[in-house]
Structures are given as structure tokens and as C-alpha cells.
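These notes concern the structure reproduced below.
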Amino acid sequence: MAVDVVVTGIGLRSAFGALNQTWEAIMKGQTAIALSQPFRELPPSPLAMWGSQPGHLQPLIQPTVADTLADAGLEFPLTDCGVVVGSSRGYQADLEGLARDTTDGCLGLFPGFLHGQLAATIAGIIGSEGPVLSPMAACATGLWAIAQGFELIKTQQCQRVIVGAIEAPITPLSLIGFAKMGALASESAYPFSRRRDGLALGEGAALLVLESAELAHSRHGKIYGSILGFGVTVDACYHNKPDGEGKSAIAAIQRSLNHSHLHPTDIDYIHAHGTATILNDKHEAFIINQLFPDGVAVSSTKGATGHTLGASGALGVAFCLKALEQQLLPPCVGLQDLEFHLDVVTTPRSTVVNNVLCLGFGFGGQNVAIALGKNPQLI
């Protein structure tokens, strides 16, 4: 018997705050990106931080989990709930701190900062005895986590899974690395604009409660929408740039559409990866035009929240669900002088939104596309 997968709860943290604060700020065209110099040894960079200084991963976990479960109307313990939560950078800020302080006491903390501890910590908070996974797929991590949680429910290994990603990426190593690659913006992030010159790092977290439709209906849970299907591929080409022909990225989107029994004309909106780097936006615009020649509404929210790396896809899905709920498309904040032939949303757009796509692309050629649909009861 086919199992439908729905989203019944969302918890989000960005530099703006929680989910509704972030959504309202985006709708007002605001940006959380500001020029900052948190590390004296490095020059100022455009950053989106949720505090006055760069944070660590651990403080983001508890409030995001609490918001997610409260939004879903759930309480502890959730013994049969799976957990699939990943991160691209993980506890990197803590590990860089350990590298600077090599005393025996500090080195003893190392096991607690291993990548898999993120999902294990969340499992401990909710009392889970179900499957616990902690994927890492660069900037596609959040979408990959949602896809894995979707599969756990579809294969009936569990009926409820907490999925998503959490990222605290603003560290000296991250800033130096992106600067060396020439990928950092000089003042802010401008997705799909001629004036774009790079990404702006942002802190963020987004968790979702996925449930079988049967379970959600049996407890009269609120339903934001359905996860319809996904596609995952890899370029197997370059470490830090996409395959110029876009073949595997196109394949990921096609697989997502086929998996969801959708045609390109069924898609009402695409939440683009839209990093504001020279290569990514050009690559993504080419892919969208190849697959959607009749046009489709597109926007990226990274001009507002900054690029939250592994968490960006999970934030994107949260914004897609808000778009489905409110029948309102979020704008591409900061866009001026559009470079590409795309129907980019520049101000909040009220329209019929039944099916949407969220795209994510990561270093190493990671490509993920997830299709979402409106709650059937609301159509």
C-alpha cells in the first residue's frame, strides 16, 4: 500500500529569528546580512549571524527542536521517531577551538564534537529509539536529510521522522577557505544579479516533522503539505564547481518530477539554490531554462538569510511549505539588474501554488531536488 508523507511541524532559526520572524522579514525584502569582522586576524566579511558574534552548533539544537515539536503538537518522549539531521560543517567551530588549545582537558572533549553527535544529541532530547542518521552532503545536506527521512516512512521503517540540518559555519577556516576560492561576497549577496560577486555566510537551522498521512490524520495534526518525491545525483566531475553541461543536475530534477508523477508544467514555483556566486547562478539559470522552457516563478532567499551551507536546503523547504500554506511566493531579496532570462520573484507574489520544487547543489557535484505539494484537504 502506498504511504503518503506529510509535514506536520517546522522549527527554524536564522539570523532574523524563528520561522515566522524570518518569513515576515523576507516578505518585507529585508536582509540579515551585514559587514562584520568577528575575527581580528581576518578582514571584514558580509555575514548573517543570529547573535553579535559567531555562534556554535550546540546552542542552536535545543530551541530548534523545541519549536519543531511545539509546532507539530508533539511532546517527549518520542520513542519510535526516527532522526535524520545533518550538517556540512558540524562542530567545526568547536574543533577549531580545540586545535588552538591542545591541553589534555580540551582534547578530551573531541569525541563529543564528531559529526554524528548532532543527530545523536537530538535523538537523546526526544528519547528516540528509532533510526538515527546524520548525513553530510555539502550544501545539499538538508535536502538529502529530508529525502532520507521520506524514504524511512515510505518503506515503513517508522511513521514519524524529524529531519533537517543545522549549521554554524562562521569560523576562521571557513572564511579563509571561501576567500581563497574567490567565492565570498564583498558587501552582500545578490542572487541572479549582474552585480553578484559571491556568497555571504549565514547561521541557520531548519527541522521538520515528517509523518505518514495516516498517522497525521489519526491525531488530527496540522499539515503544511506533502513531500511528493526527490531526485539525487552527483556530477563526479569537479571538487568545487558544477559540471558545465549540467547533465546530472538536470537528471536529479527529472527524477524528482518522475518520482512525484509531475510534469514541468505542474510546477508553480522553484526555490532555487541561488548562492549569488558567479558560477552557481549561471549554472542554475541554465538548468531551469532547459527544463522549464515555458517559464516558472523562481526565487532564492539567500540574499536575506545568507548562505547557511548544509542547512540551506532545509530552510528552503520550510519557505516552500510557507508558500504552499499562504499561497504567496517569497521574493529574491537584493536582486537588482537581473542577468538571466528567468521569471524571478522580486516582490511577494500572490498566486495559485499547488506544487513546488526546492533545489540544492553542493561541492563535489551533489545535486538534490525535492518536490512538495499542497495539503490535499486545502485544495
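The way I read the labels, and the way they are meant: chains A, B, ... in the order of the C-alpha cells, residue 1 as the first residue of every chain, and ligand 1 as the first ligand shown, with later ones counted on from there.
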
Show me, as a PDB file with N, CA and C atoms, in the first residue's frame, the residues that have an atom within 7 Å of Ser260 of chain A when counting only C-alpha atoms, minus same-chain residues fewer than 5 positions from it.
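Everything below was put into around_15.pdb:
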ATOM      1  N   LEU A 228       6.458  14.952  -2.122  1.00  0.00           N
ATOM      2  CA  LEU A 228       5.985  14.141  -3.240  1.00  0.00           C
ATOM      3  C   LEU A 228       7.050  13.205  -3.788  1.00  0.00           C
ATOM      4  N   GLY A 229       8.289  13.643  -3.786  1.00  0.00           N
ATOM      5  CA  GLY A 229       9.361  12.819  -4.328  1.00  0.00           C
ATOM      6  C   GLY A 229      10.657  13.601  -4.397  1.00  0.00           C
ATOM      7  N   ALA A 371      10.337  17.662  -4.545  1.00  0.00           N
ATOM      8  CA  ALA A 371       9.033  18.210  -4.935  1.00  0.00           C
ATOM      9  C   ALA A 371       8.077  18.142  -3.758  1.00  0.00           C
TER      10      ALA A 371
END

So that I can check the surroundings of segment 135-144 of chain A, please list as a count of residues only every protein, DNA and RNA residue that reaches within 10 Å of it, counting only C-alpha atoms and ignoring chain neighbours fewer than 4 positions away. 49

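Closest to Ala183 of chain A among A:Leu335, A:Ala285, A:Leu210, A:Leu279 is A:Leu279, based on only C-alpha atoms.
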
Segment 184-197 of chain A: which residues within 10 Å, counting only C-alpha atoms, same-chain residues fewer than 5 positions away excluded, as an mmCIF file with all heavy atoms, in the first residue's frame?
data_model
loop_
_atom_site.group_PDB
_atom_site.id
_atom_site.type_symbol
_atom_site.label_atom_id
_atom_site.label_comp_id
_atom_site.auth_asym_id
_atom_site.auth_seq_id
_atom_site.Cartn_x
_atom_site.Cartn_y
_atom_site.Cartn_z
ATOM 1 N N THR A 31 17.184 42.124 4.678
ATOM 2 C CA THR A 31 18.327 41.220 4.712
ATOM 3 C C THR A 31 18.950 41.238 6.097
ATOM 4 O O THR A 31 19.005 42.285 6.758
ATOM 5 C CB THR A 31 19.389 41.583 3.661
ATOM 6 O OG1 THR A 31 20.467 40.624 3.738
ATOM 7 C CG2 THR A 31 19.955 42.981 3.884
ATOM 8 N N ALA A 32 19.411 40.067 6.537
ATOM 9 C CA ALA A 32 20.109 39.954 7.817
ATOM 10 C C ALA A 32 21.616 40.033 7.629
ATOM 11 O O ALA A 32 22.372 39.932 8.597
ATOM 12 C CB ALA A 32 19.738 38.633 8.495
ATOM 13 N N ILE A 33 22.043 40.220 6.394
ATOM 14 C CA ILE A 33 23.478 40.250 6.086
ATOM 15 C C ILE A 33 24.044 41.630 6.388
ATOM 16 O O ILE A 33 23.488 42.647 5.979
ATOM 17 C CB ILE A 33 23.714 39.897 4.606
ATOM 18 C CG1 ILE A 33 23.171 38.497 4.290
ATOM 19 C CG2 ILE A 33 25.196 39.976 4.263
ATOM 20 C CD1 ILE A 33 23.102 38.186 2.806
ATOM 21 N N ALA A 34 25.154 41.644 7.106
ATOM 22 C CA ALA A 34 25.824 42.908 7.430
ATOM 23 C C ALA A 34 27.331 42.689 7.422
ATOM 24 O O ALA A 34 27.811 41.582 7.724
ATOM 25 C CB ALA A 34 25.379 43.419 8.793
ATOM 26 N N LEU A 35 28.060 43.709 7.076
ATOM 27 C CA LEU A 35 29.516 43.618 7.067
ATOM 28 C C LEU A 35 30.021 43.536 8.505
ATOM 29 O O LEU A 35 29.729 44.407 9.332
ATOM 30 C CB LEU A 35 30.112 44.836 6.364
ATOM 31 C CG LEU A 35 31.514 44.670 5.778
ATOM 32 C CD1 LEU A 35 31.528 43.591 4.706
ATOM 33 C CD2 LEU A 35 31.996 45.996 5.196
ATOM 34 N N SER A 36 30.761 42.474 8.824
ATOM 35 C CA SER A 36 31.231 42.237 10.198
ATOM 36 C C SER A 36 32.667 41.751 10.177
ATOM 37 O O SER A 36 33.135 41.170 9.190
ATOM 38 C CB SER A 36 30.359 41.181 10.893
ATOM 39 O OG SER A 36 28.990 41.544 10.872
ATOM 40 N N PRO A 44 36.957 42.263 7.290
ATOM 41 C CA PRO A 44 35.504 42.194 7.402
ATOM 42 C C PRO A 44 34.891 41.394 6.252
ATOM 43 O O PRO A 44 35.421 41.379 5.135
ATOM 44 C CB PRO A 44 35.070 43.660 7.347
ATOM 45 C CG PRO A 44 36.289 44.439 7.728
ATOM 46 C CD PRO A 44 37.454 43.654 7.223
ATOM 47 N N SER A 45 33.764 40.740 6.552
ATOM 48 C CA SER A 45 33.025 39.972 5.549
ATOM 49 C C SER A 45 31.527 40.190 5.758
ATOM 50 O O SER A 45 31.087 40.439 6.883
ATOM 51 C CB SER A 45 33.325 38.471 5.665
ATOM 52 O OG SER A 45 34.666 38.189 5.409
ATOM 53 N N PRO A 46 30.730 40.085 4.702
ATOM 54 C CA PRO A 46 29.274 40.134 4.878
ATOM 55 C C PRO A 46 28.794 38.822 5.497
ATOM 56 O O PRO A 46 29.025 37.747 4.942
ATOM 57 C CB PRO A 46 28.748 40.306 3.450
ATOM 58 C CG PRO A 46 29.829 39.765 2.571
ATOM 59 C CD PRO A 46 31.122 39.995 3.287
ATOM 60 N N LEU A 47 28.140 38.915 6.653
ATOM 61 C CA LEU A 47 27.727 37.726 7.400
ATOM 62 C C LEU A 47 26.307 37.907 7.924
ATOM 63 O O LEU A 47 25.860 39.026 8.164
ATOM 64 C CB LEU A 47 28.669 37.480 8.591
ATOM 65 C CG LEU A 47 30.162 37.328 8.286
ATOM 66 C CD1 LEU A 47 30.973 37.340 9.587
ATOM 67 C CD2 LEU A 47 30.426 36.065 7.495
ATOM 68 N N ALA A 48 25.624 36.777 8.122
ATOM 69 C CA ALA A 48 24.292 36.796 8.739
ATOM 70 C C ALA A 48 24.356 35.945 9.997
ATOM 71 O O ALA A 48 24.292 34.715 9.930
ATOM 72 C CB ALA A 48 23.243 36.259 7.774
ATOM 73 N N LEU A 175 35.901 31.022 6.490
ATOM 74 C CA LEU A 175 36.076 32.310 5.822
ATOM 75 C C LEU A 175 37.337 32.334 4.964
ATOM 76 O O LEU A 175 37.321 32.808 3.824
ATOM 77 C CB LEU A 175 36.121 33.436 6.857
ATOM 78 C CG LEU A 175 34.788 33.757 7.540
ATOM 79 C CD1 LEU A 175 34.991 34.715 8.701
ATOM 80 C CD2 LEU A 175 33.797 34.339 6.538
ATOM 81 N N ILE A 176 38.426 31.782 5.499
ATOM 82 C CA ILE A 176 39.671 31.751 4.728
ATOM 83 C C ILE A 176 39.510 30.878 3.490
ATOM 84 O O ILE A 176 39.943 31.227 2.390
ATOM 85 C CB ILE A 176 40.830 31.236 5.609
ATOM 86 C CG1 ILE A 176 41.165 32.269 6.688
ATOM 87 C CG2 ILE A 176 42.073 30.958 4.759
ATOM 88 C CD1 ILE A 176 42.120 31.750 7.753
ATOM 89 N N GLY A 177 38.861 29.726 3.673
ATOM 90 C CA GLY A 177 38.696 28.804 2.559
ATOM 91 C C GLY A 177 37.874 29.394 1.429
ATOM 92 O O GLY A 177 38.274 29.351 0.257
ATOM 93 N N PHE A 178 36.712 29.979 1.757
ATOM 94 C CA PHE A 178 35.878 30.569 0.719
ATOM 95 C C PHE A 178 36.555 31.785 0.091
ATOM 96 O O PHE A 178 36.403 32.037 -1.108
ATOM 97 C CB PHE A 178 34.512 30.959 1.292
ATOM 98 C CG PHE A 178 33.570 29.802 1.452
ATOM 99 C CD1 PHE A 178 33.137 29.412 2.709
ATOM 100 C CD2 PHE A 178 33.121 29.094 0.350
ATOM 101 C CE1 PHE A 178 32.265 28.341 2.864
ATOM 102 C CE2 PHE A 178 32.258 28.024 0.486
ATOM 103 C CZ PHE A 178 31.827 27.645 1.745
ATOM 104 N N ALA A 179 37.304 32.544 0.886
ATOM 105 C CA ALA A 179 38.022 33.699 0.344
ATOM 106 C C ALA A 179 39.092 33.250 -0.651
ATOM 107 O O ALA A 179 39.263 33.850 -1.710
ATOM 108 C CB ALA A 179 38.647 34.512 1.473
ATOM 109 N N ALA A 272 15.182 28.280 -5.614
ATOM 110 C CA ALA A 272 16.489 27.989 -6.190
ATOM 111 C C ALA A 272 17.567 27.916 -5.118
ATOM 112 O O ALA A 272 17.429 28.481 -4.030
ATOM 113 C CB ALA A 272 16.848 29.068 -7.205
ATOM 114 N N HIS A 273 18.644 27.235 -5.451
ATOM 115 C CA HIS A 273 19.812 27.216 -4.557
ATOM 116 C C HIS A 273 20.373 28.635 -4.468
ATOM 117 O O HIS A 273 20.656 29.122 -3.377
ATOM 118 C CB HIS A 273 20.851 26.231 -5.076
ATOM 119 C CG HIS A 273 21.944 25.936 -4.123
ATOM 120 N ND1 HIS A 273 21.709 25.463 -2.841
ATOM 121 C CD2 HIS A 273 23.293 26.049 -4.237
ATOM 122 C CE1 HIS A 273 22.866 25.284 -2.220
ATOM 123 N NE2 HIS A 273 23.838 25.644 -3.035
ATOM 124 N N GLY A 274 20.546 29.290 -5.619
ATOM 125 C CA GLY A 274 20.800 30.733 -5.692
ATOM 126 C C GLY A 274 21.799 31.288 -4.704
ATOM 127 O O GLY A 274 21.452 32.123 -3.871
ATOM 128 N N THR A 275 23.067 30.893 -4.825
ATOM 129 C CA THR A 275 24.062 31.305 -3.834
ATOM 130 C C THR A 275 24.604 32.707 -4.051
ATOM 131 O O THR A 275 25.266 33.257 -3.183
ATOM 132 C CB THR A 275 25.261 30.338 -3.845
ATOM 133 O OG1 THR A 275 25.895 30.378 -5.134
ATOM 134 C CG2 THR A 275 24.827 28.919 -3.534
ATOM 135 N N ALA A 276 24.404 33.271 -5.235
ATOM 136 C CA ALA A 276 24.961 34.570 -5.639
ATOM 137 C C ALA A 276 26.428 34.484 -6.021
ATOM 138 O O ALA A 276 27.089 35.519 -6.146
ATOM 139 C CB ALA A 276 24.756 35.644 -4.571
ATOM 140 N N THR A 277 26.933 33.274 -6.216
ATOM 141 C CA THR A 277 28.277 33.144 -6.792
ATOM 142 C C THR A 277 28.159 33.177 -8.311
ATOM 143 O O THR A 277 27.102 32.874 -8.879
ATOM 144 C CB THR A 277 28.966 31.834 -6.360
ATOM 145 O OG1 THR A 277 28.168 30.717 -6.778
ATOM 146 C CG2 THR A 277 29.153 31.791 -4.854
ATOM 147 N N ILE A 278 29.239 33.545 -8.982
ATOM 148 C CA ILE A 278 29.215 33.700 -10.431
ATOM 149 C C ILE A 278 28.831 32.385 -11.107
ATOM 150 O O ILE A 278 27.940 32.348 -11.970
ATOM 151 C CB ILE A 278 30.588 34.174 -10.950
ATOM 152 C CG1 ILE A 278 30.958 35.542 -10.322
ATOM 153 C CG2 ILE A 278 30.581 34.258 -12.470
ATOM 154 C CD1 ILE A 278 30.013 36.655 -10.675
ATOM 155 N N LEU A 279 29.484 31.278 -10.714
ATOM 156 C CA LEU A 279 29.250 30.004 -11.386
ATOM 157 C C LEU A 279 27.897 29.392 -11.054
ATOM 158 O O LEU A 279 27.186 28.924 -11.938
ATOM 159 C CB LEU A 279 30.363 29.016 -11.024
ATOM 160 C CG LEU A 279 31.693 29.172 -11.744
ATOM 161 C CD1 LEU A 279 32.697 28.142 -11.236
ATOM 162 C CD2 LEU A 279 31.503 29.005 -13.244
ATOM 163 N N ASN A 280 27.523 29.352 -9.758
ATOM 164 C CA ASN A 280 26.303 28.648 -9.383
ATOM 165 C C ASN A 280 25.072 29.251 -10.049
ATOM 166 O O ASN A 280 24.247 28.533 -10.616
ATOM 167 C CB ASN A 280 26.103 28.648 -7.873
ATOM 168 C CG ASN A 280 24.792 27.975 -7.479
ATOM 169 O OD1 ASN A 280 24.713 26.765 -7.336
ATOM 170 N ND2 ASN A 280 23.724 28.757 -7.333
ATOM 171 N N ASP A 281 24.927 30.558 -9.991
ATOM 172 C CA ASP A 281 23.716 31.167 -10.526
ATOM 173 C C ASP A 281 23.620 30.990 -12.038
ATOM 174 O O ASP A 281 22.539 30.744 -12.585
ATOM 175 C CB ASP A 281 23.665 32.653 -10.167
ATOM 176 C CG ASP A 281 23.394 32.874 -8.683
ATOM 177 O OD1 ASP A 281 23.406 31.895 -7.918
ATOM 178 O OD2 ASP A 281 23.165 34.035 -8.300
ATOM 179 N N LYS A 282 24.753 31.095 -12.733
ATOM 180 C CA LYS A 282 24.762 30.870 -14.177
ATOM 181 C C LYS A 282 24.375 29.434 -14.499
ATOM 182 O O LYS A 282 23.560 29.175 -15.404
ATOM 183 C CB LYS A 282 26.146 31.194 -14.741
ATOM 184 C CG LYS A 282 26.261 30.994 -16.238
ATOM 185 C CD LYS A 282 27.670 31.339 -16.720
ATOM 186 C CE LYS A 282 27.792 31.119 -18.229
ATOM 187 N NZ LYS A 282 29.171 31.437 -18.716
ATOM 188 N N GLU A 284 22.661 27.320 -12.568
ATOM 189 C CA GLU A 284 21.291 27.031 -12.176
ATOM 190 C C GLU A 284 20.288 27.656 -13.153
ATOM 191 O O GLU A 284 19.268 27.028 -13.496
ATOM 192 C CB GLU A 284 21.035 27.523 -10.758
ATOM 193 C CG GLU A 284 19.758 26.998 -10.144
ATOM 194 C CD GLU A 284 19.690 27.233 -8.649
ATOM 195 O OE1 GLU A 284 20.531 27.998 -8.104
ATOM 196 O OE2 GLU A 284 18.788 26.658 -8.015
ATOM 197 N N ALA A 285 20.566 28.860 -13.606
ATOM 198 C CA ALA A 285 19.680 29.505 -14.581
ATOM 199 C C ALA A 285 19.620 28.690 -15.869
ATOM 200 O O ALA A 285 18.542 28.519 -16.461
ATOM 201 C CB ALA A 285 20.156 30.927 -14.865
ATOM 202 N N SER A 299 12.796 32.033 -7.072
ATOM 203 C CA SER A 299 13.478 32.977 -6.182
ATOM 204 C C SER A 299 14.469 32.229 -5.304
ATOM 205 O O SER A 299 14.392 31.009 -5.140
ATOM 206 C CB SER A 299 12.505 33.778 -5.314
ATOM 207 O OG SER A 299 11.842 32.959 -4.369
ATOM 208 N N SER A 300 15.412 32.968 -4.767
ATOM 209 C CA SER A 300 16.359 32.465 -3.775
ATOM 210 C C SER A 300 16.258 33.365 -2.549
ATOM 211 O O SER A 300 16.151 34.582 -2.679
ATOM 212 C CB SER A 300 17.791 32.498 -4.309
ATOM 213 O OG SER A 300 18.731 32.342 -3.264
ATOM 214 N N THR A 301 16.275 32.754 -1.362
ATOM 215 C CA THR A 301 16.158 33.543 -0.134
ATOM 216 C C THR A 301 17.524 33.821 0.514
ATOM 217 O O THR A 301 17.586 34.386 1.603
ATOM 218 C CB THR A 301 15.248 32.822 0.871
ATOM 219 O OG1 THR A 301 15.709 31.474 1.055
ATOM 220 C CG2 THR A 301 13.813 32.791 0.373
ATOM 221 N N LYS A 302 18.596 33.442 -0.149
ATOM 222 C CA LYS A 302 19.925 33.627 0.450
ATOM 223 C C LYS A 302 20.355 35.091 0.520
ATOM 224 O O LYS A 302 21.257 35.438 1.275
ATOM 225 C CB LYS A 302 20.962 32.783 -0.296
ATOM 226 C CG LYS A 302 20.806 31.296 -0.047
ATOM 227 C CD LYS A 302 21.897 30.482 -0.749
ATOM 228 C CE LYS A 302 21.771 29.000 -0.443
ATOM 229 N NZ LYS A 302 20.529 28.400 -0.941
ATOM 230 N N GLY A 303 19.723 35.939 -0.281
ATOM 231 C CA GLY A 303 20.003 37.366 -0.149
ATOM 232 C C GLY A 303 19.464 37.935 1.141
ATOM 233 O O GLY A 303 19.858 39.020 1.562
ATOM 234 N N ALA A 304 18.578 37.193 1.807
ATOM 235 C CA ALA A 304 18.018 37.612 3.092
ATOM 236 C C ALA A 304 18.708 36.914 4.259
ATOM 237 O O ALA A 304 19.128 37.561 5.223
ATOM 238 C CB ALA A 304 16.518 37.316 3.129
ATOM 239 N N THR A 305 18.834 35.598 4.189
ATOM 240 C CA THR A 305 19.349 34.804 5.322
ATOM 241 C C THR A 305 20.843 34.550 5.261
ATOM 242 O O THR A 305 21.423 34.080 6.234
ATOM 243 C CB THR A 305 18.657 33.432 5.365
ATOM 244 O OG1 THR A 305 19.015 32.687 4.181
ATOM 245 C CG2 THR A 305 17.148 33.572 5.428
ATOM 246 N N GLY A 306 21.481 34.851 4.125
ATOM 247 C CA GLY A 306 22.838 34.397 3.919
ATOM 248 C C GLY A 306 22.825 32.932 3.518
ATOM 249 O O GLY A 306 21.779 32.269 3.517
ATOM 250 N N HIS A 307 23.987 32.428 3.160
ATOM 251 C CA HIS A 307 24.112 31.027 2.744
ATOM 252 C C HIS A 307 24.423 30.193 3.983
ATOM 253 O O HIS A 307 25.516 30.257 4.526
ATOM 254 C CB HIS A 307 25.225 30.886 1.703
ATOM 255 C CG HIS A 307 25.253 29.555 1.020
ATOM 256 N ND1 HIS A 307 24.488 28.481 1.424
ATOM 257 C CD2 HIS A 307 25.964 29.119 -0.052
ATOM 258 C CE1 HIS A 307 24.725 27.441 0.635
ATOM 259 N NE2 HIS A 307 25.611 27.809 -0.273
ATOM 260 N N CYS A 332 13.135 37.382 -4.151
ATOM 261 C CA CYS A 332 14.595 37.224 -4.202
ATOM 262 C C CYS A 332 15.192 38.530 -3.670
ATOM 263 O O CYS A 332 15.406 39.488 -4.422
ATOM 264 C CB CYS A 332 15.025 36.952 -5.638
ATOM 265 S SG CYS A 332 16.715 36.384 -5.834
ATOM 266 N N VAL A 333 15.452 38.569 -2.381
ATOM 267 C CA VAL A 333 15.888 39.799 -1.715
ATOM 268 C C VAL A 333 17.244 40.259 -2.257
ATOM 269 O O VAL A 333 18.174 39.465 -2.394
ATOM 270 C CB VAL A 333 15.962 39.589 -0.190
ATOM 271 C CG1 VAL A 333 16.534 40.834 0.501
ATOM 272 C CG2 VAL A 333 14.582 39.256 0.368
ATOM 273 N N GLY A 334 17.338 41.526 -2.558
ATOM 274 C CA GLY A 334 18.602 42.113 -3.009
ATOM 275 C C GLY A 334 18.804 42.099 -4.507
ATOM 276 O O GLY A 334 19.794 42.631 -5.002
ATOM 277 N N LEU A 335 17.862 41.494 -5.240
ATOM 278 C CA LEU A 335 18.044 41.411 -6.686
ATOM 279 C C LEU A 335 17.846 42.770 -7.354
ATOM 280 O O LEU A 335 16.819 43.423 -7.198
ATOM 281 C CB LEU A 335 17.052 40.406 -7.283
ATOM 282 C CG LEU A 335 17.046 40.322 -8.814
ATOM 283 C CD1 LEU A 335 18.410 39.875 -9.337
ATOM 284 C CD2 LEU A 335 15.957 39.394 -9.307
ATOM 285 N N GLN A 336 18.874 43.177 -8.078
ATOM 286 C CA GLN A 336 18.802 44.343 -8.948
ATOM 287 C C GLN A 336 19.524 43.984 -10.237
ATOM 288 O O GLN A 336 20.546 43.310 -10.207
ATOM 289 C CB GLN A 336 19.470 45.567 -8.301
ATOM 290 C CG GLN A 336 18.806 46.035 -7.024
ATOM 291 C CD GLN A 336 19.555 47.205 -6.407
ATOM 292 O OE1 GLN A 336 20.377 47.843 -7.048
ATOM 293 N NE2 GLN A 336 19.258 47.493 -5.154
ATOM 294 N N ASP A 337 18.995 44.399 -11.351
ATOM 295 C CA ASP A 337 19.631 44.160 -12.647
ATOM 296 C C ASP A 337 19.797 42.659 -12.902
ATOM 297 O O ASP A 337 20.906 42.127 -12.932
ATOM 298 C CB ASP A 337 20.990 44.871 -12.688
ATOM 299 C CG ASP A 337 21.563 44.935 -14.104
ATOM 300 O OD1 ASP A 337 20.805 44.668 -15.064
ATOM 301 O OD2 ASP A 337 22.763 45.221 -14.247
ATOM 302 N N LEU A 338 18.666 41.977 -13.090
ATOM 303 C CA LEU A 338 18.645 40.539 -13.358
ATOM 304 C C LEU A 338 19.485 40.200 -14.586
ATOM 305 O O LEU A 338 19.323 40.811 -15.639
ATOM 306 C CB LEU A 338 17.196 40.083 -13.564
ATOM 307 C CG LEU A 338 16.959 38.633 -13.971
ATOM 308 C CD1 LEU A 338 17.392 37.689 -12.868
ATOM 309 C CD2 LEU A 338 15.484 38.427 -14.313
ATOM 310 N N GLU A 339 20.347 39.206 -14.451
ATOM 311 C CA GLU A 339 21.221 38.839 -15.568
ATOM 312 C C GLU A 339 20.588 37.804 -16.495
ATOM 313 O O GLU A 339 20.918 37.762 -17.679
ATOM 314 C CB GLU A 339 22.549 38.289 -15.037
ATOM 315 C CG GLU A 339 23.499 37.868 -16.152
ATOM 316 C CD GLU A 339 24.877 37.475 -15.664
ATOM 317 O OE1 GLU A 339 25.181 37.695 -14.481
ATOM 318 O OE2 GLU A 339 25.646 36.940 -16.484
ATOM 319 N N PHE A 340 19.694 36.980 -15.972
ATOM 320 C CA PHE A 340 19.243 35.808 -16.715
ATOM 321 C C PHE A 340 17.776 35.915 -17.138
ATOM 322 O O PHE A 340 16.995 36.660 -16.544
ATOM 323 C CB PHE A 340 19.454 34.554 -15.863
ATOM 324 C CG PHE A 340 20.853 34.421 -15.347
ATOM 325 C CD1 PHE A 340 21.144 34.773 -14.029
ATOM 326 C CD2 PHE A 340 21.886 33.997 -16.170
ATOM 327 C CE1 PHE A 340 22.435 34.677 -13.543
ATOM 328 C CE2 PHE A 340 23.179 33.909 -15.693
ATOM 329 C CZ PHE A 340 23.456 34.248 -14.376
ATOM 330 N N HIS A 341 17.439 35.144 -18.153
ATOM 331 C CA HIS A 341 16.060 35.115 -18.637
ATOM 332 C C HIS A 341 15.264 34.159 -17.748
ATOM 333 O O HIS A 341 15.032 32.997 -18.086
ATOM 334 C CB HIS A 341 16.022 34.652 -20.099
ATOM 335 C CG HIS A 341 14.649 34.658 -20.692
ATOM 336 N ND1 HIS A 341 13.911 35.829 -20.868
ATOM 337 C CD2 HIS A 341 13.857 33.646 -21.136
ATOM 338 C CE1 HIS A 341 12.752 35.529 -21.396
ATOM 339 N NE2 HIS A 341 12.672 34.213 -21.571
ATOM 340 N N LEU A 342 14.856 34.654 -16.593
ATOM 341 C CA LEU A 342 14.098 33.880 -15.614
ATOM 342 C C LEU A 342 12.956 34.736 -15.086
ATOM 343 O O LEU A 342 13.065 35.970 -15.036
ATOM 344 C CB LEU A 342 14.985 33.467 -14.426
ATOM 345 C CG LEU A 342 16.108 32.465 -14.662
ATOM 346 C CD1 LEU A 342 16.966 32.360 -13.406
ATOM 347 C CD2 LEU A 342 15.555 31.095 -15.049
ATOM 348 N N VAL A 344 11.972 35.730 -12.137
ATOM 349 C CA VAL A 344 12.392 35.833 -10.737
ATOM 350 C C VAL A 344 11.391 36.684 -9.961
ATOM 351 O O VAL A 344 11.022 37.784 -10.398
ATOM 352 C CB VAL A 344 13.812 36.417 -10.618
ATOM 353 C CG1 VAL A 344 14.199 36.583 -9.155
ATOM 354 C CG2 VAL A 344 14.812 35.508 -11.319
#

Please report the interatomic distance between atom CA of Ser226 of chain A and atom CA of Ile250 of chain A in Å with one decimal. 22.6 Å
